$ cat protein38.cif   # mmCIF, C-alpha atoms
data_protein
loop_
_atom_site.label_atom_id
_atom_site.label_comp_id
_atom_site.auth_asym_id
_atom_site.auth_seq_id
_atom_site.Cartn_x
_atom_site.Cartn_y
_atom_site.Cartn_z
CA GLY O 1 -75.15 73.74 -62.82
CA ALA O 2 -72.27 74.60 -65.12
CA MET O 3 -68.60 74.54 -64.19
CA LEU O 4 -66.03 76.71 -65.85
CA PRO O 5 -62.56 75.14 -65.84
CA SER O 6 -59.62 77.45 -65.18
CA ASN O 7 -56.87 78.06 -67.75
CA ASN O 8 -54.67 75.25 -66.49
CA CYS O 9 -57.41 72.61 -66.86
CA ASP O 10 -58.60 71.24 -70.20
CA PRO O 11 -62.46 71.13 -70.25
CA VAL O 12 -62.63 67.77 -72.06
CA TYR O 13 -60.12 66.29 -69.60
CA LEU O 14 -62.26 67.60 -66.73
CA TYR O 15 -65.41 66.10 -68.28
CA TYR O 16 -63.85 62.63 -68.52
CA TYR O 17 -62.43 62.87 -65.02
CA LEU O 18 -65.85 63.64 -63.56
CA LEU O 19 -67.30 60.81 -65.67
CA SER O 20 -64.70 58.43 -64.23
CA ILE O 21 -65.72 59.27 -60.64
CA LYS O 22 -69.45 59.66 -61.39
CA ASN O 23 -70.47 56.71 -59.18
CA GLU O 24 -68.40 58.03 -56.27
CA LEU O 25 -69.98 61.47 -56.64
CA ILE O 26 -73.45 59.90 -56.69
CA ARG O 27 -72.64 57.86 -53.56
CA LYS O 28 -71.52 61.00 -51.73
CA GLY O 29 -74.63 62.83 -52.91
CA VAL O 30 -77.16 60.23 -51.83
CA GLY O 31 -78.70 61.83 -48.80
CA GLY O 32 -82.39 62.10 -49.51
CA ALA O 33 -84.86 60.35 -51.77
CA GLN O 34 -83.44 62.27 -54.73
CA PRO O 35 -79.68 61.76 -55.24
CA ASN O 36 -78.23 65.24 -55.36
CA ILE O 37 -74.66 66.14 -56.25
CA SER O 38 -74.16 69.53 -54.68
CA GLY O 39 -71.70 72.17 -55.76
CA GLY O 40 -69.97 71.59 -52.42
CA ILE O 41 -69.25 67.96 -53.19
CA ILE O 42 -67.77 68.90 -56.55
CA LYS O 43 -65.75 71.77 -54.99
CA ASP O 44 -64.19 69.35 -52.52
CA THR O 45 -63.27 66.87 -55.27
CA LYS O 46 -59.53 66.67 -55.83
CA ILE O 47 -58.63 66.51 -59.51
CA PRO O 48 -55.25 65.16 -60.65
CA LEU O 49 -53.81 67.89 -62.89
CA PRO O 50 -50.87 66.88 -65.05
CA PRO O 51 -49.42 69.54 -67.41
CA LEU O 52 -51.94 70.88 -69.95
CA ASP O 53 -50.41 69.07 -72.95
CA GLN O 54 -50.75 65.74 -71.09
CA GLN O 55 -54.36 66.56 -70.19
CA LYS O 56 -55.07 67.22 -73.88
CA LYS O 57 -53.42 63.92 -74.84
CA ILE O 58 -55.54 61.98 -72.32
CA ALA O 59 -58.67 63.82 -73.50
CA SER O 60 -57.98 62.98 -77.16
CA ILE O 61 -57.38 59.26 -76.41
CA LEU O 62 -60.67 59.09 -74.50
CA ASP O 63 -62.44 61.07 -77.24
CA ALA O 64 -61.30 58.53 -79.83
CA ALA O 65 -62.49 55.57 -77.70
CA ASP O 66 -65.79 57.31 -76.97
CA GLY O 67 -66.27 58.17 -80.66
CA TYR O 68 -65.79 54.52 -81.65
CA ARG O 69 -68.35 53.51 -79.00
CA GLN O 70 -70.93 56.05 -80.22
CA LYS O 71 -70.40 55.10 -83.90
CA THR O 72 -71.01 51.43 -83.12
CA LYS O 73 -74.19 52.30 -81.20
CA ALA O 74 -75.44 54.31 -84.17
CA LEU O 75 -74.67 51.39 -86.51
CA ILE O 76 -76.87 49.04 -84.47
CA LEU O 77 -79.78 51.49 -84.79
CA LYS O 78 -79.15 51.70 -88.55
CA TYR O 79 -79.63 47.92 -88.87
CA ASP O 80 -83.03 48.22 -87.15
CA GLU O 81 -84.00 51.01 -89.54
CA LEU O 82 -82.86 48.86 -92.45
CA THR O 83 -85.23 46.04 -91.41
CA GLN O 84 -88.10 48.52 -91.10
CA SER O 85 -87.49 50.09 -94.51
CA LEU O 86 -87.10 46.65 -96.12
CA PHE O 87 -90.46 45.68 -94.59
CA LEU O 88 -92.11 48.77 -96.09
CA ASP O 89 -90.42 48.29 -99.48
CA MET O 90 -91.65 44.70 -99.74
CA PHE O 91 -95.09 44.97 -98.11
CA GLY O 92 -96.08 48.64 -98.32
CA ASP O 93 -98.66 47.99 -101.05
CA TYR O 94 -100.23 45.16 -99.08
CA LEU O 95 -100.44 47.41 -96.00
CA ASN O 96 -102.46 49.92 -97.98
CA ASN O 97 -104.74 47.55 -99.84
CA GLU O 98 -105.28 43.94 -98.93
CA LEU O 99 -105.88 43.67 -95.20
CA LYS O 100 -107.75 41.01 -93.23
CA PRO O 101 -108.77 41.02 -89.55
CA LEU O 102 -106.59 38.85 -87.30
CA GLY O 103 -109.74 37.08 -86.08
CA GLU O 104 -109.99 35.35 -89.48
CA LEU O 105 -106.32 34.34 -89.55
CA VAL O 106 -105.01 33.32 -86.11
CA LYS O 107 -106.13 32.16 -82.65
CA PHE O 108 -104.98 33.64 -79.35
CA SER O 109 -104.35 31.75 -76.13
CA GLN O 110 -103.48 33.17 -72.74
CA GLY O 111 -100.63 31.96 -70.51
CA GLN O 112 -100.88 30.34 -67.09
CA GLN O 113 -100.70 31.74 -63.56
CA PHE O 114 -98.28 30.34 -60.98
CA GLY O 115 -97.86 31.49 -57.40
CA LEU O 116 -94.32 32.31 -56.24
CA GLU O 117 -94.24 29.09 -54.22
CA LEU O 118 -94.41 27.09 -57.49
CA GLN O 119 -91.60 29.04 -59.19
CA LEU O 120 -88.20 27.38 -58.78
CA LEU O 121 -84.82 28.96 -59.45
CA GLU O 122 -83.33 25.64 -60.65
CA PRO O 123 -84.81 23.31 -63.31
CA LYS O 124 -86.14 19.90 -62.27
CA GLU O 125 -87.93 16.91 -63.84
CA GLY O 126 -91.36 17.86 -65.27
CA TYR O 127 -90.59 21.59 -65.02
CA ALA O 128 -89.86 24.09 -67.80
CA ARG O 129 -88.66 27.66 -68.11
CA PHE O 130 -91.32 30.18 -66.98
CA LEU O 131 -91.62 33.07 -69.44
CA ARG O 132 -92.76 36.32 -67.83
CA ILE O 133 -92.95 39.89 -69.12
CA VAL O 134 -89.46 40.75 -67.79
CA ASP O 135 -87.90 37.88 -69.77
CA PHE O 136 -89.01 39.60 -72.96
CA THR O 137 -88.72 43.28 -72.02
CA GLN O 138 -85.55 43.24 -69.90
CA GLY O 139 -83.65 39.99 -70.40
CA ASP O 140 -83.49 36.50 -68.95
CA ASP O 141 -84.53 36.11 -65.31
CA LEU O 142 -84.67 32.33 -64.96
CA ARG O 143 -87.62 30.70 -63.16
CA PHE O 144 -89.00 27.19 -63.65
CA VAL O 145 -92.59 25.95 -63.24
CA PRO O 146 -94.51 22.67 -63.72
CA ASN O 147 -95.00 22.01 -67.44
CA GLU O 148 -98.31 20.16 -67.57
CA ASN O 149 -100.23 21.58 -70.50
CA ASP O 150 -99.06 22.08 -74.08
CA LYS O 151 -101.62 24.86 -74.45
CA TYR O 152 -99.42 27.14 -72.31
CA TYR O 153 -96.10 26.04 -73.80
CA VAL O 154 -94.30 28.40 -76.17
CA ARG O 155 -91.74 27.30 -78.77
CA MET O 156 -88.93 29.30 -80.37
CA ASP O 157 -90.96 30.19 -83.46
CA ASP O 158 -94.06 31.20 -81.49
CA ILE O 159 -95.01 34.84 -81.12
CA VAL O 160 -96.19 36.25 -77.81
CA ILE O 161 -97.67 39.61 -76.88
CA VAL O 162 -97.97 41.31 -73.47
CA ARG O 163 -101.62 41.52 -72.51
CA TYR O 164 -101.78 43.83 -69.46
CA GLY O 165 -100.01 46.78 -67.91
CA ALA O 166 -97.52 49.41 -69.03
CA SER O 167 -95.95 47.16 -71.68
CA ALA O 168 -99.26 45.92 -73.18
CA GLY O 169 -98.72 45.28 -76.89
CA TYR O 170 -95.01 44.47 -76.49
CA VAL O 171 -94.17 41.58 -78.82
CA GLY O 172 -91.59 38.84 -78.23
CA THR O 173 -90.34 35.68 -79.91
CA ASN O 174 -87.39 33.21 -79.94
CA LYS O 175 -87.89 31.94 -76.39
CA GLU O 176 -89.13 28.57 -75.19
CA GLY O 177 -91.07 27.69 -72.02
CA VAL O 178 -94.37 28.00 -70.14
CA LEU O 179 -96.05 31.36 -70.72
CA ALA O 180 -97.22 33.56 -67.81
CA ASN O 181 -100.87 34.64 -67.76
CA ASN O 182 -100.26 38.34 -68.46
CA LEU O 183 -98.99 37.37 -71.92
CA PHE O 184 -100.70 35.55 -74.76
CA LYS O 185 -99.59 33.41 -77.67
CA VAL O 186 -100.48 34.04 -81.32
CA ASN O 187 -101.27 30.59 -82.77
CA TYR O 188 -100.66 30.86 -86.52
CA ASP O 189 -100.49 28.54 -89.52
CA ARG O 190 -96.82 28.09 -90.56
CA ALA O 191 -97.90 27.56 -94.18
CA MET O 192 -99.58 30.99 -94.19
CA PHE O 193 -97.14 33.07 -92.13
CA ASN O 194 -93.40 33.22 -91.66
CA GLN O 195 -92.41 33.89 -88.01
CA ILE O 196 -90.12 36.82 -88.88
CA PHE O 197 -92.75 38.45 -91.09
CA LEU O 198 -95.48 38.12 -88.45
CA TYR O 199 -93.16 39.36 -85.70
CA ASN O 200 -92.41 42.47 -87.79
CA ILE O 201 -96.14 43.06 -88.37
CA PHE O 202 -96.49 43.47 -84.59
CA LYS O 203 -93.32 45.60 -84.35
CA HIS O 204 -94.65 48.01 -86.97
CA GLY O 205 -95.93 51.49 -86.12
CA ARG O 206 -99.45 50.59 -87.30
CA PHE O 207 -99.79 48.03 -84.51
CA LYS O 208 -98.35 50.47 -81.95
CA MET O 209 -100.92 53.07 -82.97
CA PHE O 210 -103.70 50.50 -82.74
CA ILE O 211 -102.60 49.51 -79.20
CA LYS O 212 -102.38 53.13 -78.12
CA LYS O 213 -105.90 53.80 -79.31
CA GLU O 214 -107.50 50.56 -78.09
CA ALA O 215 -105.67 49.70 -74.86
CA PHE O 216 -104.23 52.86 -73.39
CA GLY O 217 -107.46 54.78 -73.00
CA ALA O 218 -108.24 52.74 -69.88
CA ALA O 219 -106.72 53.21 -66.42
CA MET O 220 -105.25 49.72 -66.63
CA PRO O 221 -104.02 49.09 -70.19
CA ALA O 222 -105.26 45.68 -71.35
CA LEU O 223 -105.68 43.93 -74.67
CA SER O 224 -108.74 41.73 -74.98
CA PHE O 225 -108.79 39.04 -77.66
CA LYS O 226 -111.92 40.71 -79.09
CA VAL O 227 -109.90 43.88 -79.68
CA MET O 228 -106.92 41.96 -81.12
CA GLU O 229 -109.18 40.12 -83.55
CA ARG O 230 -110.13 43.44 -85.12
CA PHE O 231 -106.54 44.40 -86.01
CA GLU O 232 -106.07 44.06 -89.77
CA ILE O 233 -102.93 42.69 -91.40
CA PRO O 234 -101.75 41.79 -94.90
CA VAL O 235 -101.24 38.18 -96.01
CA PRO O 236 -98.57 38.35 -98.75
CA PRO O 237 -97.49 35.13 -100.52
CA ILE O 238 -95.40 32.95 -98.18
CA SER O 239 -92.56 32.99 -100.77
CA LEU O 240 -92.30 36.78 -100.39
CA GLN O 241 -92.42 36.50 -96.59
CA ASN O 242 -89.64 33.89 -96.69
CA GLN O 243 -87.54 36.15 -98.89
CA PHE O 244 -87.99 38.98 -96.36
CA ALA O 245 -87.06 36.61 -93.51
CA GLY O 246 -83.85 35.60 -95.31
CA SER O 247 -82.81 39.25 -95.65
CA VAL O 248 -83.69 39.99 -92.01
CA LYS O 249 -81.54 37.04 -90.86
CA ALA O 250 -78.59 38.47 -92.81
CA ILE O 251 -79.19 41.92 -91.23
CA GLU O 252 -79.48 40.34 -87.75
CA ALA O 253 -76.16 38.51 -88.25
CA GLN O 254 -74.48 41.85 -89.07
CA LYS O 255 -76.20 43.45 -86.10
CA ALA O 256 -74.93 40.68 -83.78
CA GLN O 257 -71.38 41.41 -85.02
CA ALA O 258 -71.92 45.12 -84.33
CA GLN O 259 -73.23 44.27 -80.85
CA LYS O 260 -70.02 42.31 -80.15
CA SER O 261 -67.98 45.29 -81.33
CA LEU O 262 -70.04 47.56 -79.09
CA ASP O 263 -69.42 45.35 -76.04
CA LYS O 264 -65.69 45.49 -76.81
CA ALA O 265 -65.84 49.26 -77.38
CA GLU O 266 -67.64 49.74 -74.04
CA ASP O 267 -65.02 47.63 -72.23
CA LEU O 268 -62.17 49.49 -73.92
CA PHE O 269 -63.64 52.88 -73.03
CA LYS O 270 -64.22 51.85 -69.40
CA SER O 271 -60.70 50.48 -68.97
CA LEU O 272 -59.09 53.56 -70.61
CA LEU O 273 -61.21 55.79 -68.35
CA GLN O 274 -59.90 53.92 -65.29
CA LYS O 275 -56.27 54.08 -66.50
CA ALA O 276 -56.39 57.69 -67.64
CA PHE O 277 -56.39 59.18 -64.17
CA LYS O 278 -53.86 56.81 -62.62
CA GLY O 279 -51.16 58.20 -64.89
CA GLU O 280 -51.19 55.09 -67.09
CA LEU O 281 -52.04 56.75 -70.41
CA THR O 282 -49.30 59.37 -70.71
#
$ encode --input "protein38.cif" --output "structure tokens"
Amino acid sequence: GAMLPSNNCDPVYLYYYLLSIKNELIRKGVGGAQPNISGGIIKDTKIPLPPLDQQKKIASILDAADGYRQKTKALILKYDELTQSLFLDMFGDYLNNELKPLGELVKFSQGQQFGLELQLLEPKEGYARFLRIVDFTQGDDLRFVPNENDKYYVRMDDIVIVRYGASAGYVGTNKEGVLANNLFKVNYDRAMFNQIFLYNIFKHGRFKMFIKKEAFGAAMPALSFKVMERFEIPVPPISLQNQFAGSVKAIEAQKAQAQKSLDKAEDLFKSLLQKAFKGELT
């Protein structure tokens, strides 16, 4: 529902105040399965109301911090778009003309299954990092498993793709360890393909469309190697791929800087939000 602030309360100030106590409001509202912040809870919320000019000052400081945060977020997305448009500029013609089925170019190999009892939380002799779907889609969740077969071992420049489930077709790289069995490895010739080029082939919309058509018709989305072998890709000269990879590395370095700025901007905004309503900003 909407709230209309009275004349002695600045609406932007009110917005940021409610944002600053959002978690408290949610805690109070958690009664049933669906967290519900009722009008009653908001009515009973006491709001510190300094004079209107002070409210406006607090609101404008928070607006500036929030604006910086949003700008930095947008910049990070721009870097991703830049990589995509560079890919199309350099390889667009190949994508339209000279395509070969993956079956003629690479081999696929599935990961290995380990019961929970074999997954350790600390590394030990003869064990290696266990790479599961969550490690690629959500971030590192460290587990360690026996490392007994090179066939299942993934190196930093390997490319892996999720084989089953809701994230089938998700592509990952730059991680090292033993691969779980619901992912598979793309074994490619380093003289024919550059890692960054091949990774971007699988990040491209064409591959996403292919996955949607081939895997997501079934009740349980799954990618068979037979299906993957049919997907057609270009094989540009390795020199051109390397040139693309060099540019992408430069873009990624800029993006990493922007990510650092974003982390700082998020921290700054959070700390200003906390200070604002303790009378520490005026």
$ resolve_selection --input "protein38.cif" --expression "the PyMOL selection byres ((chain O and resi 188) around 9)" --output "CSV table (one decimal) with C-alpha atoms, in the frame of the given file"
chain,number,residue,atom,x,y,z
O,105,LEU,CA,-106.3,34.3,-89.6
O,106,VAL,CA,-105.0,33.3,-86.1
O,107,LYS,CA,-106.1,32.2,-82.6
O,108,PHE,CA,-105.0,33.6,-79.4
O,158,ASP,CA,-94.1,31.2,-81.5
O,159,ILE,CA,-95.0,34.8,-81.1
O,186,VAL,CA,-100.5,34.0,-81.3
O,187,ASN,CA,-101.3,30.6,-82.8
O,189,ASP,CA,-100.5,28.5,-89.5
O,190,ARG,CA,-96.8,28.1,-90.6
O,191,ALA,CA,-97.9,27.6,-94.2
O,192,MET,CA,-99.6,31.0,-94.2
O,193,PHE,CA,-97.1,33.1,-92.1
O,195,GLN,CA,-92.4,33.9,-88.0
$ resolve_selection --input "protein38.cif" --expression "the PyMOL selection byres ((chain O and resi 10-18) around 10)" --output "NGL selection string"
:O and (3-9 or 19-25 or 42 or 45 or 47-49 or 51-60 or 62-63 or 273-274 or 276-277)
$ write_last_selection --input "protein38.cif" --atoms "C-alpha atoms" --output "PDB file, in the frame of the given file"
ATOM      1  CA  MET O   3     -68.600  74.540 -64.190  1.00  0.00           C
ATOM      2  CA  LEU O   4     -66.030  76.710 -65.850  1.00  0.00           C
ATOM      3  CA  PRO O   5     -62.560  75.140 -65.840  1.00  0.00           C
ATOM      4  CA  SER O   6     -59.620  77.450 -65.180  1.00  0.00           C
ATOM      5  CA  ASN O   7     -56.870  78.060 -67.750  1.00  0.00           C
ATOM      6  CA  ASN O   8     -54.670  75.250 -66.490  1.00  0.00           C
ATOM      7  CA  CYS O   9     -57.410  72.610 -66.860  1.00  0.00           C
ATOM      8  CA  LEU O  19     -67.300  60.810 -65.670  1.00  0.00           C
ATOM      9  CA  SER O  20     -64.700  58.430 -64.230  1.00  0.00           C
ATOM     10  CA  ILE O  21     -65.720  59.270 -60.640  1.00  0.00           C
ATOM     11  CA  LYS O  22     -69.450  59.660 -61.390  1.00  0.00           C
ATOM     12  CA  ASN O  23     -70.470  56.710 -59.180  1.00  0.00           C
ATOM     13  CA  GLU O  24     -68.400  58.030 -56.270  1.00  0.00           C
ATOM     14  CA  LEU O  25     -69.980  61.470 -56.640  1.00  0.00           C
ATOM     15  CA  ILE O  42     -67.770  68.900 -56.550  1.00  0.00           C
ATOM     16  CA  THR O  45     -63.270  66.870 -55.270  1.00  0.00           C
ATOM     17  CA  ILE O  47     -58.630  66.510 -59.510  1.00  0.00           C
ATOM     18  CA  PRO O  48     -55.250  65.160 -60.650  1.00  0.00           C
ATOM     19  CA  LEU O  49     -53.810  67.890 -62.890  1.00  0.00           C
ATOM     20  CA  PRO O  51     -49.420  69.540 -67.410  1.00  0.00           C
ATOM     21  CA  LEU O  52     -51.940  70.880 -69.950  1.00  0.00           C
ATOM     22  CA  ASP O  53     -50.410  69.070 -72.950  1.00  0.00           C
ATOM     23  CA  GLN O  54     -50.750  65.740 -71.090  1.00  0.00           C
ATOM     24  CA  GLN O  55     -54.360  66.560 -70.190  1.00  0.00           C
ATOM     25  CA  LYS O  56     -55.070  67.220 -73.880  1.00  0.00           C
ATOM     26  CA  LYS O  57     -53.420  63.920 -74.840  1.00  0.00           C
ATOM     27  CA  ILE O  58     -55.540  61.980 -72.320  1.00  0.00           C
ATOM     28  CA  ALA O  59     -58.670  63.820 -73.500  1.00  0.00           C
ATOM     29  CA  SER O  60     -57.980  62.980 -77.160  1.00  0.00           C
ATOM     30  CA  LEU O  62     -60.670  59.090 -74.500  1.00  0.00           C
ATOM     31  CA  ASP O  63     -62.440  61.070 -77.240  1.00  0.00           C
ATOM     32  CA  LEU O 273     -61.210  55.790 -68.350  1.00  0.00           C
ATOM     33  CA  GLN O 274     -59.900  53.920 -65.290  1.00  0.00           C
ATOM     34  CA  ALA O 276     -56.390  57.690 -67.640  1.00  0.00           C
ATOM     35  CA  PHE O 277     -56.390  59.180 -64.170  1.00  0.00           C
TER      36      PHE O 277
END
$ residues_around --input "protein38.cif" --residues "stretch 234-242 of chain O" --least-positions-apart "5" --cutoff "9 Å" --atoms "all atoms listed in the file" --output "list in words"
Met90, Phe91, Tyr94, Leu95, Asn96, Asn97, Glu98, Leu99, Lys100, Pro101, Ala191, Met192, Phe193, Asn194, Gln195, Ile196, Phe197, Leu198, Ile201 and Ser247 of chain O
$ axis_aligned_box --input "protein38.cif" --around "stretch 79-97 of chain O" --padding-each-side "8 Å" --output "lines of an AutoDock Vina configuration file"
center_x = -92.2
center_y = 47.9
center_z = -94.1
size_x = 41.1
size_y = 22.3
size_z = 29.9
$ resolve_selection --input "protein38.cif" --expression "the PyMOL selection byres ((chain O and resi 175) around 8)" --output "short mmCIF file (atom, residue, chain, number, x, y, z; two decimals) with C-alpha atoms, keeping the file's coordinate frame"
data_model
loop_
_atom_site.label_atom_id
_atom_site.label_comp_id
_atom_site.auth_asym_id
_atom_site.auth_seq_id
_atom_site.Cartn_x
_atom_site.Cartn_y
_atom_site.Cartn_z
CA LEU O 131 -91.62 33.07 -69.44
CA VAL O 154 -94.30 28.40 -76.17
CA ARG O 155 -91.74 27.30 -78.77
CA MET O 156 -88.93 29.30 -80.37
CA ASP O 157 -90.96 30.19 -83.46
CA THR O 173 -90.34 35.68 -79.91
CA ASN O 174 -87.39 33.21 -79.94
CA GLU O 176 -89.13 28.57 -75.19
CA GLY O 177 -91.07 27.69 -72.02
#
$ atom_distance --input "protein38.cif" --atom1 "atom CA of O:Gly111" --atom2 "atom CA of O:Val178"
7.4 Å
$ atom_distance --input "protein38.cif" --atom1 "atom CA of O:Tyr153" --atom2 "atom CA of O:Ile133"
15.0 Å
$ closest_residue --input "protein38.cif" --among "O:Tyr152, O:Phe114, O:Tyr79, O:Tyr170" --to "O:Val134" --atoms "all atoms listed in the file"
O:Tyr170
$ atom_distance --input "protein38.cif" --atom1 "atom CA of O:Gly169" --atom2 "atom CA of O:Glu104"
19.6 Å
$ closest_residue --input "protein38.cif" --among "O:Glu232, O:Asn149, O:Gly246, O:Arg143" --to "O:Pro123" --atoms "all atoms listed in the file"
O:Arg143
$ residues_around --input "protein38.cif" --residues "O:Glu214" --least-positions-apart "4" --cutoff "8 Å" --atoms "only C-alpha atoms" --output "MDAnalysis selection string"
chainID O and resid 210 223 227
$ residues_around --input "protein38.cif" --residues "O:Asp263" --least-positions-apart "3" --cutoff "12 Å" --atoms "only C-alpha atoms" --output "number ranges by chain"
O: 68-70, 72-73, 76, 256-260, 266-270
$ closest_residue --input "protein38.cif" --among "O:Met228, O:Ala180, O:Ala74, O:Ala245" --to "O:Gln119" --atoms "all atoms listed in the file"
O:Ala180
$ residues_around --input "protein38.cif" --residues "O:Arg163" --least-positions-apart "4" --cutoff "8 Å" --atoms "all atoms listed in the file" --output "number ranges by chain"
O: 168-169, 182-184, 222-224
$ build_atoms --input "protein38.cif" --residues "stretch 151-172 of chain O" --atoms "N, CA and C atoms" --output "PDB file, keeping the file's coordinate frame"
ATOM      1  N   LYS O 151    -100.909  23.634 -74.091  1.00  0.00           N
ATOM      2  CA  LYS O 151    -101.620  24.860 -74.450  1.00  0.00           C
ATOM      3  C   LYS O 151    -100.842  26.114 -73.995  1.00  0.00           C
ATOM      4  N   TYR O 152    -100.128  25.984 -72.873  1.00  0.00           N
ATOM      5  CA  TYR O 152     -99.420  27.140 -72.310  1.00  0.00           C
ATOM      6  C   TYR O 152     -97.945  27.172 -72.719  1.00  0.00           C
ATOM      7  N   TYR O 153     -97.521  26.150 -73.472  1.00  0.00           N
ATOM      8  CA  TYR O 153     -96.100  26.040 -73.800  1.00  0.00           C
ATOM      9  C   TYR O 153     -95.795  26.811 -75.078  1.00  0.00           C
ATOM     10  N   VAL O 154     -94.695  27.564 -75.036  1.00  0.00           N
ATOM     11  CA  VAL O 154     -94.300  28.400 -76.170  1.00  0.00           C
ATOM     12  C   VAL O 154     -93.013  27.855 -76.759  1.00  0.00           C
ATOM     13  N   ARG O 155     -92.973  27.745 -78.099  1.00  0.00           N
ATOM     14  CA  ARG O 155     -91.740  27.300 -78.770  1.00  0.00           C
ATOM     15  C   ARG O 155     -91.011  28.478 -79.405  1.00  0.00           C
ATOM     16  N   MET O 156     -89.786  28.213 -79.858  1.00  0.00           N
ATOM     17  CA  MET O 156     -88.930  29.300 -80.370  1.00  0.00           C
ATOM     18  C   MET O 156     -89.601  30.108 -81.477  1.00  0.00           C
ATOM     19  N   ASP O 157     -90.382  29.433 -82.341  1.00  0.00           N
ATOM     20  CA  ASP O 157     -90.960  30.190 -83.460  1.00  0.00           C
ATOM     21  C   ASP O 157     -92.371  30.702 -83.148  1.00  0.00           C
ATOM     22  N   ASP O 158     -92.774  30.602 -81.877  1.00  0.00           N
ATOM     23  CA  ASP O 158     -94.060  31.200 -81.490  1.00  0.00           C
ATOM     24  C   ASP O 158     -93.894  32.704 -81.292  1.00  0.00           C
ATOM     25  N   ILE O 159     -95.026  33.395 -81.345  1.00  0.00           N
ATOM     26  CA  ILE O 159     -95.010  34.840 -81.120  1.00  0.00           C
ATOM     27  C   ILE O 159     -95.910  35.138 -79.940  1.00  0.00           C
ATOM     28  N   VAL O 160     -95.386  35.923 -78.987  1.00  0.00           N
ATOM     29  CA  VAL O 160     -96.190  36.250 -77.810  1.00  0.00           C
ATOM     30  C   VAL O 160     -96.301  37.764 -77.660  1.00  0.00           C
ATOM     31  N   ILE O 161     -97.405  38.182 -77.056  1.00  0.00           N
ATOM     32  CA  ILE O 161     -97.670  39.610 -76.880  1.00  0.00           C
ATOM     33  C   ILE O 161     -98.087  39.845 -75.432  1.00  0.00           C
ATOM     34  N   VAL O 162     -97.600  40.958 -74.854  1.00  0.00           N
ATOM     35  CA  VAL O 162     -97.970  41.310 -73.470  1.00  0.00           C
ATOM     36  C   VAL O 162     -99.425  41.770 -73.462  1.00  0.00           C
ATOM     37  N   ARG O 163    -100.188  41.240 -72.507  1.00  0.00           N
ATOM     38  CA  ARG O 163    -101.620  41.520 -72.510  1.00  0.00           C
ATOM     39  C   ARG O 163    -102.035  42.672 -71.579  1.00  0.00           C
ATOM     40  N   TYR O 164    -101.373  42.805 -70.431  1.00  0.00           N
ATOM     41  CA  TYR O 164    -101.780  43.830 -69.460  1.00  0.00           C
ATOM     42  C   TYR O 164    -100.636  44.760 -69.116  1.00  0.00           C
ATOM     43  N   GLY O 165    -100.996  45.920 -68.557  1.00  0.00           N
ATOM     44  CA  GLY O 165    -100.010  46.780 -67.910  1.00  0.00           C
ATOM     45  C   GLY O 165     -99.281  47.711 -68.860  1.00  0.00           C
ATOM     46  N   ALA O 166     -98.236  48.344 -68.315  1.00  0.00           N
ATOM     47  CA  ALA O 166     -97.520  49.410 -69.030  1.00  0.00           C
ATOM     48  C   ALA O 166     -96.922  48.933 -70.347  1.00  0.00           C
ATOM     49  N   SER O 167     -96.550  47.633 -70.424  1.00  0.00           N
ATOM     50  CA  SER O 167     -95.950  47.160 -71.680  1.00  0.00           C
ATOM     51  C   SER O 167     -96.933  46.376 -72.551  1.00  0.00           C
ATOM     52  N   ALA O 168     -98.237  46.582 -72.338  1.00  0.00           N
ATOM     53  CA  ALA O 168     -99.260  45.920 -73.180  1.00  0.00           C
ATOM     54  C   ALA O 168     -98.940  46.184 -74.650  1.00  0.00           C
ATOM     55  N   GLY O 169     -99.017  45.127 -75.466  1.00  0.00           N
ATOM     56  CA  GLY O 169     -98.720  45.280 -76.890  1.00  0.00           C
ATOM     57  C   GLY O 169     -97.272  44.979 -77.246  1.00  0.00           C
ATOM     58  N   TYR O 170     -96.419  44.818 -76.216  1.00  0.00           N
ATOM     59  CA  TYR O 170     -95.010  44.470 -76.490  1.00  0.00           C
ATOM     60  C   TYR O 170     -94.964  43.068 -77.071  1.00  0.00           C
ATOM     61  N   VAL O 171     -94.187  42.889 -78.137  1.00  0.00           N
ATOM     62  CA  VAL O 171     -94.170  41.580 -78.820  1.00  0.00           C
ATOM     63  C   VAL O 171     -92.805  40.910 -78.633  1.00  0.00           C
ATOM     64  N   GLY O 172     -92.833  39.591 -78.408  1.00  0.00           N
ATOM     65  CA  GLY O 172     -91.590  38.840 -78.230  1.00  0.00           C
ATOM     66  C   GLY O 172     -91.617  37.533 -78.994  1.00  0.00           C
TER      67      GLY O 172
END
